[in-house]
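Peer 1: Shown below is the structure under consideration.
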Amino acid sequence: MAEMKVKPQRVKDFCVCALEKAGMASDDARIAAEVLVTADMRGTATHGTIGLRGYIRQIREGGMNPKADIEIVREGQTWAVVDGHAGLGVVTSFKAAQLAIAKAKSNTVGMVWVKNSNHFAAAGYYAMMCAEADMIGLAMTNADISLSAPGSAGRVIGNNAFAYGAPAGAAPPVNLDIAMGVVAGGKVHAAAREGRSIPMGWAIDSQGVLTTDPKKYEEEGGATVPLAAHKGFGLALLIEILAGVMTGGGIRTELKSYAHNPESPSGIGHFFMAIDIGTIMPIEEFRIRMDGLITGISSSPKAQGVDRIYLPGEMEYEREEKTNTEGFVLDDGALNNLKGLAQDLGLEDEGFWHQ
């Protein structure tokens, strides 16, 4: 597999240039570039710059409004419902998380529901925004259906995503970012493209039977399997309630995939919650207690052959710290997508790969 080591700022500059060429305001383009490149730096490449070409295709084909801004349609002291007006989900979510943080600063808790949005990349980024503001953060999104339920034949709900973030003291923040499927649909798509089988337990066919053939998912109406069976399905349903039902936005089959339906707004909903720690207990006390919790876990007895116990987000945090100075590796999938995007927009001479 070909790969290229790049400097984060150069990749961000290209992303900003591409988004501006697609019609987005400079400030919004910089937000999007920061969120996407951070995902790459943290090793979450499936939700990083590899998605940018698809986002801009959705803009060019009419499914996404590059000039959209969030509109508060209902609000109270601690909460708000905002309409994303089919804007780039990354920018909409950044602004919605900022609003949740602002409300929490005044009211201890801030909650923001978002409707009429699009794919928002890595959920963990928005939870970490809260952690960096000395808050506990939650971020959730629904998605177009791809996931089965226990006993179902085929797809019934989205592979909905959930993240939380919490600050610590000497230790890195804790940051979990997961979807509710045992595997991402993209991995099944990749296996189908490459003619590989998939492990048993990843997917079912349209009759509800477990399969190792990715085409049963890709082409024949199968579905991926929820993690931990009914537990993963139950959490996916909770996210659908919070991000779909309560926002007044799209639910299940009403949602569109930006990859397969770029001419249509995705109709996705999100939910963000921020809890201001300092109004409940002194933040320094919280940090000390968090460090004690983290140290207690990481210093626990280890299984044979294991050198270290990691907490959620710890590997990603260390990877981001390292790539800030050393750069990061962009694999051929992401690099080819960005090169293709440059061709789409006539920006071949602007690519960071020439520098």
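For the structure tokens, the naming scheme is as follows: chains receive sequential letters (A, B, ...) according to their order of presentation, residues are indexed from 1 within each chain, and ligands are indexed from 1 in presentation order.
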A:Glu254: which residues within 10 Å, counting only C-alpha atoms, same-chain residues fewer than 5 positions away excluded, as a VMD selection string?
Peer 2: chain A and resid 143 to 145 249 266 to 268
Peer 1: Could you write those residues out with N, CA and C atoms, as a CSV table (one decimal), in the first residue's frame?
Peer 2:
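part_37.csv, freshly written:
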```csv
chain,number,residue,atom,x,y,z
A,143,ALA,N,-27.9,7.9,11.4
A,143,ALA,CA,-27.3,7.7,10.1
A,143,ALA,C,-28.3,6.9,9.2
A,144,ASP,N,-28.0,6.8,7.9
A,144,ASP,CA,-28.9,6.0,7.0
A,144,ASP,C,-28.8,4.6,7.5
A,145,ILE,N,-29.8,3.8,7.2
A,145,ILE,CA,-29.9,2.4,7.8
A,145,ILE,C,-28.9,1.5,7.2
A,249,GLY,N,-36.3,15.8,13.0
A,249,GLY,CA,-35.6,15.5,11.7
A,249,GLY,C,-35.9,14.1,11.1
A,266,SER,N,-29.0,14.8,3.4
A,266,SER,CA,-29.0,13.6,4.2
A,266,SER,C,-30.1,13.5,5.2
A,267,GLY,N,-30.5,14.7,5.8
A,267,GLY,CA,-31.5,14.8,6.8
A,267,GLY,C,-31.1,14.3,8.1
A,268,ILE,N,-29.8,14.2,8.4
A,268,ILE,CA,-29.3,13.6,9.6
A,268,ILE,C,-29.5,14.5,10.8
```
Peer 1: Show me a table, sorted first by chain and then by increasing residue number, of the residues of stretch 75-134 of chain A having an atom at most 12 Å from stretch 317-338 of chain A, each with its shortest atom pair and the distance in Å to one decimal, counting only C-alpha atoms and written as CSV.
Peer 2:
```
residue,atom,partner,partner_atom,distance
A:Gly124,CA,A:Tyr317,CA,11.3
A:Tyr125,CA,A:Tyr317,CA,11.4
A:Met128,CA,A:Tyr317,CA,10.5
```
Peer 1: Save out the residues we just selected, N, CA and C atoms, as a PDB file, in the first residue's frame.
Peer 2:
```
ATOM      1  N   GLY A 124     -16.064  12.018  18.134  1.00  0.00           N
ATOM      2  CA  GLY A 124     -15.176  12.309  19.246  1.00  0.00           C
ATOM      3  C   GLY A 124     -14.661  13.730  19.275  1.00  0.00           C
ATOM      4  N   TYR A 125     -14.580  14.393  18.122  1.00  0.00           N
ATOM      5  CA  TYR A 125     -14.064  15.761  18.079  1.00  0.00           C
ATOM      6  C   TYR A 125     -14.937  16.694  18.917  1.00  0.00           C
ATOM      7  N   MET A 128     -14.605  16.136  22.585  1.00  0.00           N
ATOM      8  CA  MET A 128     -13.337  16.686  23.059  1.00  0.00           C
ATOM      9  C   MET A 128     -13.388  18.208  23.174  1.00  0.00           C
TER      10      MET A 128
END
```
Peer 1: If you run DSSP over the backbone, which residues in stretch 135-315 of chain A end up strand (DSSP E)? Put them as a PyMOL selection string.
Peer 2: chain A and resi 135-141+145-147+157-158+161-166+174-179+203-204+210-211+223-224+268-276
Peer 1: As JSON, numbers by chain, please: every residue in stretch 15-162 of chain A that DSSP puts in alpha helix (DSSP H).
Peer 2: {"A": [15, 16, 17, 18, 19, 20, 21, 26, 27, 28, 29, 30, 31, 32, 33, 34, 35, 36, 37, 38, 39, 40, 41, 52, 53, 54, 55, 56, 57, 58, 59, 60, 89, 90, 91, 92, 93, 94, 95, 96, 97, 98, 99, 100, 101, 102, 103, 104, 105, 106, 107, 123, 124, 125, 126, 127, 128, 129, 130, 131, 132]}
Peer 1: So that I can see what lies close to A:Phe162, please list as a list in words the residues with an atom at most 7 Å from it, counting only C-alpha atoms and leaving out residues fewer than 3 positions away in the same chain.
Peer 2: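 Close residues of A:Phe162: Ala123, Ala139, Met140, Thr141, Asp177, Ile178 and Ala179 of chain A.
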Peer 1: I want to know what sits within 7 Å of stretch 207-217 of chain A, based on only C-alpha atoms, with residues of the same chain fewer than 3 positions away left out; could you give that as a PDB file with C-alpha atoms, in the first residue's frame?
Peer 2:
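Wrote selection_18.pdb, looks like this:
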```pdb
ATOM      1  CA  SER A 152     -34.279  -8.984  11.781  1.00  0.00           C
ATOM      2  CA  ALA A 153     -33.681  -9.844   8.147  1.00  0.00           C
ATOM      3  CA  GLY A 154     -31.784  -6.950   6.604  1.00  0.00           C
ATOM      4  CA  VAL A 188     -17.460  -4.487   4.321  1.00  0.00           C
ATOM      5  CA  ALA A 191     -13.823  -6.293   1.200  1.00  0.00           C
ATOM      6  CA  ALA A 192     -16.426  -6.431  -1.579  1.00  0.00           C
ATOM      7  CA  SER A 197     -14.452 -12.568   2.381  1.00  0.00           C
ATOM      8  CA  ILE A 198     -15.357 -11.038   5.749  1.00  0.00           C
ATOM      9  CA  PRO A 199     -15.197 -12.627   9.205  1.00  0.00           C
ATOM     10  CA  MET A 200     -18.289 -14.481  10.359  1.00  0.00           C
ATOM     11  CA  GLY A 201     -20.251 -12.219  12.697  1.00  0.00           C
ATOM     12  CA  ALA A 203     -22.891  -9.150   8.566  1.00  0.00           C
ATOM     13  CA  ILE A 204     -26.104 -10.972   7.749  1.00  0.00           C
ATOM     14  CA  GLU A 220     -28.269  -7.980  -1.879  1.00  0.00           C
ATOM     15  CA  GLY A 221     -29.890  -6.107   1.009  1.00  0.00           C
ATOM     16  CA  GLY A 222     -27.942  -7.525   3.909  1.00  0.00           C
ATOM     17  CA  ALA A 223     -26.904  -5.637   7.033  1.00  0.00           C
TER      18      ALA A 223
END
```
Peer 1: Counting only C-alpha atoms, which residue out of A:Val245, A:Val82, A:Val37, A:Ala171 sits closest to A:Arg10?
Peer 2: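 Of A:Val245, A:Val82, A:Val37, A:Ala171, the one nearest A:Arg10 is A:Val37, counting only C-alpha atoms.
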Peer 1: Figure out the distance between atom CA of A:Asn118 and atom CA of A:Tyr258, please, to one decimal in Å.
Peer 2: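 Here the two named atoms are 7.6 Å from each other.
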Peer 1: Please report the interatomic distance between atom CA of A:Pro66 and atom CA of A:Ala190 in Å with one decimal.
Peer 2: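 Computed distance, atom CA of A:Pro66 to atom CA of A:Ala190, equals 29.1 Å.
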Peer 1: Contacts between stretch 105-111 of chain A and stretch 264-327 of chain A, please, where a residue of stretch 264-327 of chain A counts if it comes within 12 Å (with only C-alpha atoms); show its shortest atom pair and distance in Å to one decimal, rows by chain and ascending number, as a Markdown table.
Peer 2:
```
| residue | atom | partner | partner_atom | distance |
| --- | --- | --- | --- | --- |
| A:His270 | CA | A:Met111 | CA | 10.7 |
| A:Phe271 | CA | A:Met111 | CA | 7.4 |
| A:Phe272 | CA | A:Met111 | CA | 5.7 |
| A:Met273 | CA | A:Met111 | CA | 4.4 |
| A:Ala274 | CA | A:Gly110 | CA | 5.1 |
| A:Ile275 | CA | A:Val109 | CA | 4.6 |
| A:Asp276 | CA | A:Thr108 | CA | 4.9 |
| A:Ile277 | CA | A:Thr108 | CA | 7.6 |
| A:Gly278 | CA | A:Thr108 | CA | 8.4 |
| A:Thr279 | CA | A:Thr108 | CA | 6.2 |
| A:Ile280 | CA | A:Thr108 | CA | 7.8 |
| A:Met281 | CA | A:Thr108 | CA | 11.1 |
```
Peer 1: Please determine, counting only C-alpha atoms, which residue among A:Leu99, A:Val182, A:Ala22, A:Met64 has the shortest atom-to-atom distance to A:Phe233.
Peer 2: A:Val182
Peer 1: Within 12 Å of stretch 284-295 of chain A, counting only C-alpha atoms, which residues show up once you throw out same-chain ones fewer than 4 positions away? Write them as a PyMOL selection string, please.
Peer 2: chain A and resi 131+134-136+166-174+276-280+299-301+308-312+314
Peer 1: Could you please take those selected residues and save C-alpha atoms as a PDB file, in the first residue's frame?
Peer 2:
```pdb
ATOM      1  CA  ALA A 131     -13.413  18.284  27.584  1.00  0.00           C
ATOM      2  CA  ASP A 134     -13.396  21.689  31.438  1.00  0.00           C
ATOM      3  CA  MET A 135     -16.691  19.948  30.750  1.00  0.00           C
ATOM      4  CA  ILE A 136     -17.959  16.438  30.187  1.00  0.00           C
ATOM      5  CA  ALA A 166     -13.891  14.112  29.984  1.00  0.00           C
ATOM      6  CA  PRO A 167     -10.841  16.116  31.085  1.00  0.00           C
ATOM      7  CA  ALA A 168      -8.181  14.841  33.457  1.00  0.00           C
ATOM      8  CA  GLY A 169      -5.100  16.312  35.120  1.00  0.00           C
ATOM      9  CA  ALA A 170      -1.673  14.881  34.307  1.00  0.00           C
ATOM     10  CA  ALA A 171      -3.328  12.126  32.271  1.00  0.00           C
ATOM     11  CA  PRO A 172      -4.800  12.767  28.801  1.00  0.00           C
ATOM     12  CA  PRO A 173      -8.560  13.378  28.522  1.00  0.00           C
ATOM     13  CA  VAL A 174     -10.746  10.301  28.254  1.00  0.00           C
ATOM     14  CA  ASP A 276     -19.821  22.165  33.372  1.00  0.00           C
ATOM     15  CA  ILE A 277     -17.792  20.332  35.995  1.00  0.00           C
ATOM     16  CA  GLY A 278     -16.725  23.440  37.899  1.00  0.00           C
ATOM     17  CA  THR A 279     -20.239  24.317  39.035  1.00  0.00           C
ATOM     18  CA  ILE A 280     -20.653  20.869  40.593  1.00  0.00           C
ATOM     19  CA  SER A 299      -1.650   0.114  36.721  1.00  0.00           C
ATOM     20  CA  SER A 300      -3.907  -2.929  37.084  1.00  0.00           C
ATOM     21  CA  PRO A 301      -2.383  -6.383  36.576  1.00  0.00           C
ATOM     22  CA  ARG A 308       0.092  -1.451  28.740  1.00  0.00           C
ATOM     23  CA  ILE A 309      -3.610  -0.912  29.447  1.00  0.00           C
ATOM     24  CA  TYR A 310      -5.011   1.975  27.422  1.00  0.00           C
ATOM     25  CA  LEU A 311      -8.017   4.093  28.327  1.00  0.00           C
ATOM     26  CA  PRO A 312     -10.404   5.323  25.607  1.00  0.00           C
ATOM     27  CA  GLU A 314      -5.284   7.586  24.973  1.00  0.00           C
TER      28      GLU A 314
END
```
Peer 1: With distances taken over only C-alpha atoms, which residue among A:Ser93, A:Ser206, A:Ser148, A:Asn142 lies nearest A:Tyr126?
Peer 2: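 Looking at the shortest contact to A:Tyr126, the residue is A:Ser93.
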Peer 1: From the options A:Lys95, A:Arg196, A:His119, A:Lys103, which residue's atoms come nearest to A:Gly51, counting only C-alpha atoms?
Peer 2: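 When distances to A:Gly51 are compared using only C-alpha atoms, the smallest one comes from A:His119.
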